[in-house]
Amino acid sequence: MSRVEAAGWSPELRIGLLSNVEEISLQVSAPCIMINAAKGNTLQKIPAGGSFVVDFEHLKLNAIEIRPEKIPLKDLRTTIDGKEYYGGVTVNKEKNSLTVINLVPLEEYLRGVVSKEMSPSYPLEALKAQTIAARSFALKNRGRHVSEGYDVCSSTHCQVYNGVANFDSIDLAIDETRGEVLVYKEKLIDTNFHADSGGVTENASDVWGRVMPCLVTVKEVFKQVEPWTVKVSVKDFSSRFGDNFGVLKKIELSELKVGKSAKDRTSSGRVDSAQIVGSKKTLTLSGIDLRRKFSLPSTLFDIKIDGDNVIFTGYGSGHGVGMSQKGARSYALDGWSYKKILEHYCHDAKLKKLY
């Protein structure tokens with residue numbers, strides 16, 4: 001039996017919230033019990049509204065859990081250092097500090113994810129597509145941080161999760177797609193998403209070096225909208241590569257044509273590699289390296305030297321793999337259903353209702 005099947009109608013996730021902390025303040029909305037996480041025995045009862053502090057020095061166990069005494073986990077709210085979260089909490093004692101983990105049913109977790117990953121003002125069908133992408137990603141990547149004691153983190157490394165959020169539009173999107181995920185050959189897929197494709201999405205293999213079913217290049221209706229520019233002085237540009245590089249003399253990169261490949265560009269037109277020629281050294285850098293080094297919105301860009309400056313001009317925002325959130329918004333405004341949106345971005349994937 002899979003972990004999803006074993007979890008029943010509402011899988012419970014363990015979300016890493018904080019690490020390397022010495023103490024944490026907690027408050028619960030309903031009567032709870034504190035449990036020895038290793039043995040499962042009850043250590044004490046905590047009344048509704050009860051506040052307390054867990055600190056590294058005085059915690060004698062390796063881990064404690066706070067769970068509701070009578071009500072379902074989904075109905076509990078736990079305030080952690082002033083921030084309210086769905087469900088309960090685990091506090092793990094590490095070698096020199098504490099790790100704080102939110103115990104939360106998947107559907108409640110999504111309420112704190114979708115509102116951070118997509119604007120609640122977006123059309124309902126776009127929000128539904130985002131919800132299914134987030135749900136599928138969470139289940140596919142469950143256990144991604146198992147070595148740290150939890151399933152997924154609360155940052156952009158996994159999905160941004162910020163606890164309790166109250167938006168009617170997002171609640172509706174979650175409720176109307178309850179339990180729905182994307183699968184390929186009956187297996188959950190990674191449903192990556194990004195802010196704006198710039199006109200065409202990217203093959204997953206061109207970003208992460210591995211083939212991921214369904215995540216291939218697809219063209220958008222709108223191309224080269226909302227261009228961006230990043231300007232860096234030649235001096236600053238050169239300094240990023242160390243003293244052995246010298247001064248920038250030339251950049252060799254094919255001209256950007258959105259949706260067209262070249263010897264140094266991927267099938268979407270994103271930068272695969274560029275030759276950076278200095279007075280002392282020539283470097284070959286990937287588009288991902290350049291994006292990271294100069295904080296560029298995406299790898300769909302051109303570069304040119306203009307006098308004393310290096311100018312990047314490009315389109316899109318994010319890694320470009322999977323669903324474009326701005327694209328999903330545009331398609332939803334054009335009358336597309338969430339199913340059609342997801343089928344557009346995730347080729348050959350199918351919707352499946354798990355619970």
# chains A, B, ... in the order shown; residues from 1 in each chain; ligands from 1
$ closest_atom_pairs --of "segment 76-185 of chain A" --to "segment 323-326 of chain A" --cutoff "8 Å" --atoms "only C-alpha atoms" --output "tab-separated table"
residue	atom	partner	partner_atom	distance
A:Met118	CA	A:Gln325	CA	7.2
A:Ala126	CA	A:Gln325	CA	7.7
A:Gln130	CA	A:Gln325	CA	7.7
$ residues_around --residues "Glu252 of chain A" --least-positions-apart "2" --cutoff "8 Å" --atoms "only C-alpha atoms" --output "ChimeraX atom specification"
/A:250,254,274-277
$ residues_around --residues "Lys304 of chain A" --least-positions-apart "3" --cutoff "9 Å" --atoms "only C-alpha atoms" --output "VMD selection string"
chain A and resid 250 to 251 309 to 313
$ residues_around --residues "Ala165 of chain A" --least-positions-apart "5" --cutoff "12 Å" --atoms "only C-alpha atoms" --output "ChimeraX atom specification"
/A:77,83-86,108-116,120,170-171
$ residues_around --residues "Glu180 of chain A" --least-positions-apart "5" --cutoff "7 Å" --atoms "only C-alpha atoms" --output "mmCIF file with N, CA, C and O atoms, in the first residue's frame"
data_model
loop_
_atom_site.group_PDB
_atom_site.id
_atom_site.type_symbol
_atom_site.label_atom_id
_atom_site.label_comp_id
_atom_site.auth_asym_id
_atom_site.auth_seq_id
_atom_site.Cartn_x
_atom_site.Cartn_y
_atom_site.Cartn_z
ATOM 1 N N ILE A 132 -4.215 22.025 -8.226
ATOM 2 C CA ILE A 132 -3.892 20.649 -8.600
ATOM 3 C C ILE A 132 -2.393 20.482 -8.794
ATOM 4 O O ILE A 132 -1.810 19.463 -8.400
ATOM 5 N N LEU A 351 -5.919 13.717 -15.218
ATOM 6 C CA LEU A 351 -6.424 14.018 -13.883
ATOM 7 C C LEU A 351 -6.918 12.740 -13.220
ATOM 8 O O LEU A 351 -7.545 11.891 -13.864
ATOM 9 N N LYS A 352 -6.621 12.611 -11.936
ATOM 10 C CA LYS A 352 -7.095 11.453 -11.183
ATOM 11 C C LYS A 352 -7.523 11.922 -9.805
ATOM 12 O O LYS A 352 -6.842 12.726 -9.167
ATOM 13 N N LYS A 353 -8.657 11.412 -9.348
ATOM 14 C CA LYS A 353 -9.154 11.767 -8.008
ATOM 15 C C LYS A 353 -8.703 10.698 -7.030
ATOM 16 O O LYS A 353 -9.113 9.524 -7.130
ATOM 17 N N LEU A 354 -7.838 11.085 -6.093
ATOM 18 C CA LEU A 354 -7.298 10.123 -5.130
ATOM 19 C C LEU A 354 -8.229 9.890 -3.951
ATOM 20 O O LEU A 354 -8.251 8.824 -3.348
#
$ select_by_dssp --residues "segment 217-344 of chain A" --states "strand (DSSP E or B)" --output "PyMOL selection string"
chain A and resi 219+228-233+248-252+262+265+271+273-278+282-286+301-306+309-314+317+321+323-324
$ select_by_dssp --residues "segment 155-344 of chain A" --states "helix (DSSP H, G or I)" --output "VMD selection string"
chain A and resid 168 to 176 204 to 208 234 to 239 287 to 294 325 to 333 338 to 344
$ closest_residue --among "A:Leu76, A:Val216, A:Val152, A:Ile303" --to "Gly322 of chain A" --atoms "only C-alpha atoms"
A:Val216
$ closest_residue --among "A:His344, A:Lys257, A:Trp208, A:Phe294" --to "Phe237 of chain A" --atoms "only C-alpha atoms"
A:Phe294
$ atom_distance --atom1 "atom CA of Ser155 of chain A" --atom2 "atom CA of Pro11 of chain A"
20.3 Å
$ residues_around --residues "Thr299 of chain A" --least-positions-apart "5" --cutoff "12 Å" --atoms "only C-alpha atoms" --output "MDAnalysis selection string"
chainID A and resid 196:198 200:202 206:207 228 256 258 265:266 268:274 285:294 312:321
$ write_last_selection --atoms "N, CA, C and O atoms" --output "compact mmCIF listing (two decimals), in the first residue's frame"
# COMPACT_ATOMS: atom_id res chain seq x y z
N ASP A 196 6.07 33.22 -15.31
CA ASP A 196 5.80 33.70 -16.67
C ASP A 196 6.77 33.03 -17.63
O ASP A 196 7.99 33.12 -17.45
N SER A 197 6.26 32.38 -18.66
CA SER A 197 7.12 31.66 -19.60
C SER A 197 7.81 32.58 -20.59
O SER A 197 8.80 32.17 -21.22
N GLY A 198 7.30 33.79 -20.77
CA GLY A 198 7.88 34.68 -21.77
C GLY A 198 7.49 34.32 -23.19
O GLY A 198 8.00 34.91 -24.15
N VAL A 200 7.12 30.80 -24.25
CA VAL A 200 7.28 29.37 -24.50
C VAL A 200 7.88 28.73 -23.24
O VAL A 200 8.76 29.32 -22.61
N THR A 201 7.39 27.56 -22.88
CA THR A 201 7.93 26.88 -21.70
C THR A 201 9.17 26.08 -22.08
O THR A 201 9.51 25.94 -23.25
N GLU A 202 9.82 25.52 -21.08
CA GLU A 202 11.11 24.85 -21.27
C GLU A 202 10.98 23.35 -21.01
O GLU A 202 10.18 22.91 -20.19
N ASP A 206 16.29 20.25 -20.03
CA ASP A 206 17.24 21.33 -20.30
C ASP A 206 17.55 22.16 -19.06
O ASP A 206 18.50 22.95 -19.07
N VAL A 207 16.73 22.01 -18.02
CA VAL A 207 16.96 22.75 -16.78
C VAL A 207 17.62 21.87 -15.73
O VAL A 207 18.59 22.27 -15.09
N TRP A 228 12.06 42.55 -19.82
CA TRP A 228 12.83 43.07 -18.70
C TRP A 228 14.26 43.39 -19.15
O TRP A 228 14.75 42.85 -20.15
N LEU A 256 18.60 35.88 -29.59
CA LEU A 256 17.39 35.25 -29.06
C LEU A 256 16.25 35.27 -30.07
O LEU A 256 15.91 36.33 -30.62
N VAL A 258 12.54 33.60 -29.68
CA VAL A 258 11.68 32.83 -28.77
C VAL A 258 11.09 31.62 -29.49
O VAL A 258 10.48 31.75 -30.55
N ARG A 265 21.52 27.57 -27.59
CA ARG A 265 20.20 27.80 -26.99
C ARG A 265 19.37 26.53 -27.04
O ARG A 265 19.52 25.70 -27.95
N THR A 266 18.50 26.37 -26.05
CA THR A 266 17.63 25.21 -26.00
C THR A 266 16.49 25.35 -27.00
O THR A 266 16.37 26.38 -27.68
N SER A 268 13.53 26.06 -26.59
CA SER A 268 12.63 27.18 -26.29
C SER A 268 13.29 28.53 -26.60
O SER A 268 12.62 29.57 -26.56
N GLY A 269 14.57 28.52 -26.88
CA GLY A 269 15.30 29.76 -27.11
C GLY A 269 16.07 30.24 -25.89
O GLY A 269 16.80 31.24 -25.95
N ARG A 270 15.93 29.55 -24.77
CA ARG A 270 16.66 29.94 -23.57
C ARG A 270 18.15 29.64 -23.71
O ARG A 270 18.54 28.77 -24.48
N VAL A 271 18.93 30.38 -22.95
CA VAL A 271 20.38 30.24 -23.04
C VAL A 271 20.82 28.90 -22.47
O VAL A 271 20.57 28.60 -21.30
N ASP A 272 21.47 28.12 -23.31
CA ASP A 272 22.08 26.87 -22.85
C ASP A 272 23.49 27.17 -22.35
O ASP A 272 23.87 26.78 -21.25
N SER A 273 24.26 27.90 -23.19
CA SER A 273 25.61 28.29 -22.78
C SER A 273 26.03 29.55 -23.53
O SER A 273 25.50 29.86 -24.59
N ALA A 274 26.97 30.28 -22.96
CA ALA A 274 27.50 31.49 -23.57
C ALA A 274 29.00 31.55 -23.32
O ALA A 274 29.48 31.14 -22.26
N LEU A 285 29.76 29.56 -19.74
CA LEU A 285 28.80 29.53 -18.64
C LEU A 285 27.43 29.14 -19.14
O LEU A 285 27.02 29.51 -20.26
N SER A 286 26.71 28.40 -18.32
CA SER A 286 25.33 28.05 -18.67
C SER A 286 24.42 29.24 -18.43
O SER A 286 24.76 30.17 -17.67
N GLY A 287 23.25 29.20 -19.06
CA GLY A 287 22.27 30.26 -18.81
C GLY A 287 21.84 30.29 -17.36
O GLY A 287 21.60 31.36 -16.79
N ILE A 288 21.76 29.10 -16.75
CA ILE A 288 21.37 29.02 -15.34
C ILE A 288 22.42 29.68 -14.46
O ILE A 288 22.10 30.40 -13.51
N ASP A 289 23.72 29.47 -14.79
CA ASP A 289 24.79 30.11 -14.03
C ASP A 289 24.72 31.63 -14.14
O ASP A 289 24.87 32.35 -13.15
N LEU A 290 24.49 32.11 -15.35
CA LEU A 290 24.40 33.56 -15.56
C LEU A 290 23.18 34.14 -14.86
O LEU A 290 23.26 35.23 -14.27
N ARG A 291 22.10 33.42 -14.93
CA ARG A 291 20.89 33.91 -14.24
C ARG A 291 21.14 34.03 -12.74
O ARG A 291 20.78 35.03 -12.11
N ARG A 292 21.78 33.03 -12.18
CA ARG A 292 22.04 33.04 -10.74
C ARG A 292 23.05 34.14 -10.37
O ARG A 292 22.86 34.88 -9.41
N LYS A 293 24.10 34.27 -11.16
CA LYS A 293 25.18 35.20 -10.84
C LYS A 293 24.73 36.66 -10.91
O LYS A 293 25.17 37.51 -10.13
N PHE A 294 23.79 36.94 -11.85
CA PHE A 294 23.36 38.33 -12.03
C PHE A 294 21.89 38.56 -11.66
O PHE A 294 21.31 39.58 -12.02
N PHE A 312 21.50 42.94 -20.25
CA PHE A 312 20.69 41.74 -20.46
C PHE A 312 19.27 42.20 -20.79
O PHE A 312 18.70 43.03 -20.07
N THR A 313 18.68 41.67 -21.84
CA THR A 313 17.28 41.93 -22.15
C THR A 313 16.59 40.59 -22.36
O THR A 313 17.12 39.71 -23.07
N GLY A 314 15.46 40.42 -21.72
CA GLY A 314 14.81 39.12 -21.81
C GLY A 314 13.33 39.16 -21.52
O GLY A 314 12.71 40.23 -21.40
N TYR A 315 12.78 37.95 -21.37
CA TYR A 315 11.35 37.79 -21.17
C TYR A 315 11.11 36.67 -20.16
O TYR A 315 11.93 35.77 -19.99
N GLY A 316 9.98 36.73 -19.51
CA GLY A 316 9.58 35.67 -18.61
C GLY A 316 10.18 35.81 -17.22
O GLY A 316 11.05 36.66 -16.96
N SER A 317 9.71 34.93 -16.32
CA SER A 317 10.18 34.93 -14.94
C SER A 317 10.09 33.51 -14.40
O SER A 317 9.03 32.88 -14.46
N GLY A 318 11.21 33.01 -13.91
CA GLY A 318 11.23 31.66 -13.36
C GLY A 318 11.98 30.70 -14.25
O GLY A 318 12.53 31.08 -15.29
N HIS A 319 12.00 29.42 -13.86
CA HIS A 319 12.76 28.41 -14.60
C HIS A 319 12.12 28.03 -15.93
O HIS A 319 12.77 27.45 -16.80
N GLY A 320 10.84 28.33 -16.10
CA GLY A 320 10.18 28.08 -17.37
C GLY A 320 9.59 26.70 -17.56
O GLY A 320 8.99 26.41 -18.60
N VAL A 321 9.75 25.82 -16.57
CA VAL A 321 9.27 24.44 -16.70
C VAL A 321 7.84 24.33 -16.19
O VAL A 321 7.49 24.87 -15.14
$ residues_around --residues "segment 137-140 of chain A" --least-positions-apart "2" --cutoff "10 Å" --atoms "only C-alpha atoms" --output "ChimeraX atom specification"
/A:3-4,11,13,106,109-110,131-135,142-144,151-152,158-159,181-183,187-193
$ closest_atom_pairs --of "segment 90-207 of chain A" --to "segment 23-36 of chain A" --cutoff "10 Å" --atoms "only C-alpha atoms" --output "tab-separated table"
residue	atom	partner	partner_atom	distance
A:Thr90	CA	A:Ile35	CA	9.3
A:Val91	CA	A:Ile24	CA	8.8
A:Ser97	CA	A:Glu23	CA	8.2
A:Leu98	CA	A:Glu23	CA	7.1
A:Thr99	CA	A:Ile24	CA	9.5
A:Val100	CA	A:Ile24	CA	8.1
$ closest_residue --among "A:Lys45, A:Lys219, A:Arg14, A:Lys231" --to "Gly259 of chain A" --atoms "only C-alpha atoms"
A:Lys219
$ atom_distance --atom1 "atom CA of Arg67 of chain A" --atom2 "atom CA of Leu103 of chain A"
8.4 Å
$ atom_distance --atom1 "atom CA of Asp334 of chain A" --atom2 "atom CA of Glu117 of chain A"
21.3 Å
$ closest_residue --among "A:Leu124, A:Val232, A:Val21, A:Ile341" --to "Gly327 of chain A" --atoms "only C-alpha atoms"
A:Ile341
$ closest_residue --among "A:Leu73, A:Cys346, A:Ile66, A:Leu61" --to "Leu215 of chain A" --atoms "only C-alpha atoms"
A:Cys346
$ closest_residue --among "A:Leu18, A:Leu172, A:Ile64, A:Ala328" --to "His194 of chain A" --atoms "only C-alpha atoms"
A:Ala328
$ decode --residues "segment 71-91 of chain A" --atoms "N, CA and C atoms" --output "mmCIF file, in the first residue's frame"
data_model
loop_
_atom_site.group_PDB
_atom_site.id
_atom_site.type_symbol
_atom_site.label_atom_id
_atom_site.label_comp_id
_atom_site.auth_asym_id
_atom_site.auth_seq_id
_atom_site.Cartn_x
_atom_site.Cartn_y
_atom_site.Cartn_z
ATOM 1 N N ILE A 71 -10.908 16.991 18.620
ATOM 2 C CA ILE A 71 -11.345 17.424 17.291
ATOM 3 C C ILE A 71 -10.398 16.900 16.216
ATOM 4 N N PRO A 72 -10.826 16.881 14.928
ATOM 5 C CA PRO A 72 -9.922 16.471 13.846
ATOM 6 C C PRO A 72 -8.736 17.427 13.727
ATOM 7 N N LEU A 73 -7.628 16.911 13.263
ATOM 8 C CA LEU A 73 -6.422 17.725 13.106
ATOM 9 C C LEU A 73 -6.671 18.951 12.227
ATOM 10 N N LYS A 74 -7.512 18.799 11.204
ATOM 11 C CA LYS A 74 -7.752 19.908 10.278
ATOM 12 C C LYS A 74 -8.424 21.104 10.946
ATOM 13 N N ASP A 75 -9.085 20.880 12.073
ATOM 14 C CA ASP A 75 -9.797 21.966 12.750
ATOM 15 C C ASP A 75 -8.954 22.682 13.807
ATOM 16 N N LEU A 76 -7.771 22.153 14.072
ATOM 17 C CA LEU A 76 -6.887 22.790 15.049
ATOM 18 C C LEU A 76 -6.081 23.902 14.401
ATOM 19 N N ARG A 77 -5.843 24.967 15.157
ATOM 20 C CA ARG A 77 -4.926 26.020 14.737
ATOM 21 C C ARG A 77 -3.854 26.150 15.814
ATOM 22 N N THR A 78 -2.611 26.163 15.387
ATOM 23 C CA THR A 78 -1.485 26.318 16.307
ATOM 24 C C THR A 78 -0.715 27.580 15.939
ATOM 25 N N THR A 79 -0.529 28.442 16.919
ATOM 26 C CA THR A 79 0.239 29.666 16.699
ATOM 27 C C THR A 79 1.688 29.407 17.091
ATOM 28 N N ILE A 80 2.574 29.609 16.138
ATOM 29 C CA ILE A 80 3.993 29.330 16.329
ATOM 30 C C ILE A 80 4.766 30.642 16.192
ATOM 31 N N ASP A 81 5.332 31.094 17.300
ATOM 32 C CA ASP A 81 6.037 32.385 17.327
ATOM 33 C C ASP A 81 5.197 33.501 16.701
ATOM 34 N N GLY A 82 3.913 33.514 17.057
ATOM 35 C CA GLY A 82 3.026 34.583 16.616
ATOM 36 C C GLY A 82 2.361 34.373 15.274
ATOM 37 N N LYS A 83 2.711 33.311 14.539
ATOM 38 C CA LYS A 83 2.134 33.025 13.240
ATOM 39 C C LYS A 83 1.222 31.811 13.331
ATOM 40 N N GLU A 84 -0.011 31.933 12.808
ATOM 41 C CA GLU A 84 -0.996 30.867 12.939
ATOM 42 C C GLU A 84 -0.878 29.861 11.792
ATOM 43 N N TYR A 85 -0.907 28.582 12.169
ATOM 44 C CA TYR A 85 -0.816 27.492 11.198
ATOM 45 C C TYR A 85 -1.968 26.518 11.380
ATOM 46 N N TYR A 86 -2.308 25.824 10.305
ATOM 47 C CA TYR A 86 -3.289 24.746 10.372
ATOM 48 C C TYR A 86 -2.656 23.536 11.065
ATOM 49 N N GLY A 87 -3.464 22.785 11.832
ATOM 50 C CA GLY A 87 -2.991 21.539 12.404
ATOM 51 C C GLY A 87 -2.109 21.704 13.630
ATOM 52 N N GLY A 88 -1.303 20.665 13.882
ATOM 53 C CA GLY A 88 -0.468 20.632 15.077
ATOM 54 C C GLY A 88 0.996 20.839 14.766
ATOM 55 N N VAL A 89 1.843 20.381 15.669
ATOM 56 C CA VAL A 89 3.272 20.667 15.523
ATOM 57 C C VAL A 89 4.119 19.559 16.138
ATOM 58 N N THR A 90 5.277 19.329 15.547
ATOM 59 C CA THR A 90 6.315 18.478 16.116
ATOM 60 C C THR A 90 7.546 19.342 16.364
ATOM 61 N N VAL A 91 8.187 19.152 17.506
ATOM 62 C CA VAL A 91 9.450 19.834 17.771
ATOM 63 C C VAL A 91 10.510 18.750 17.969
#
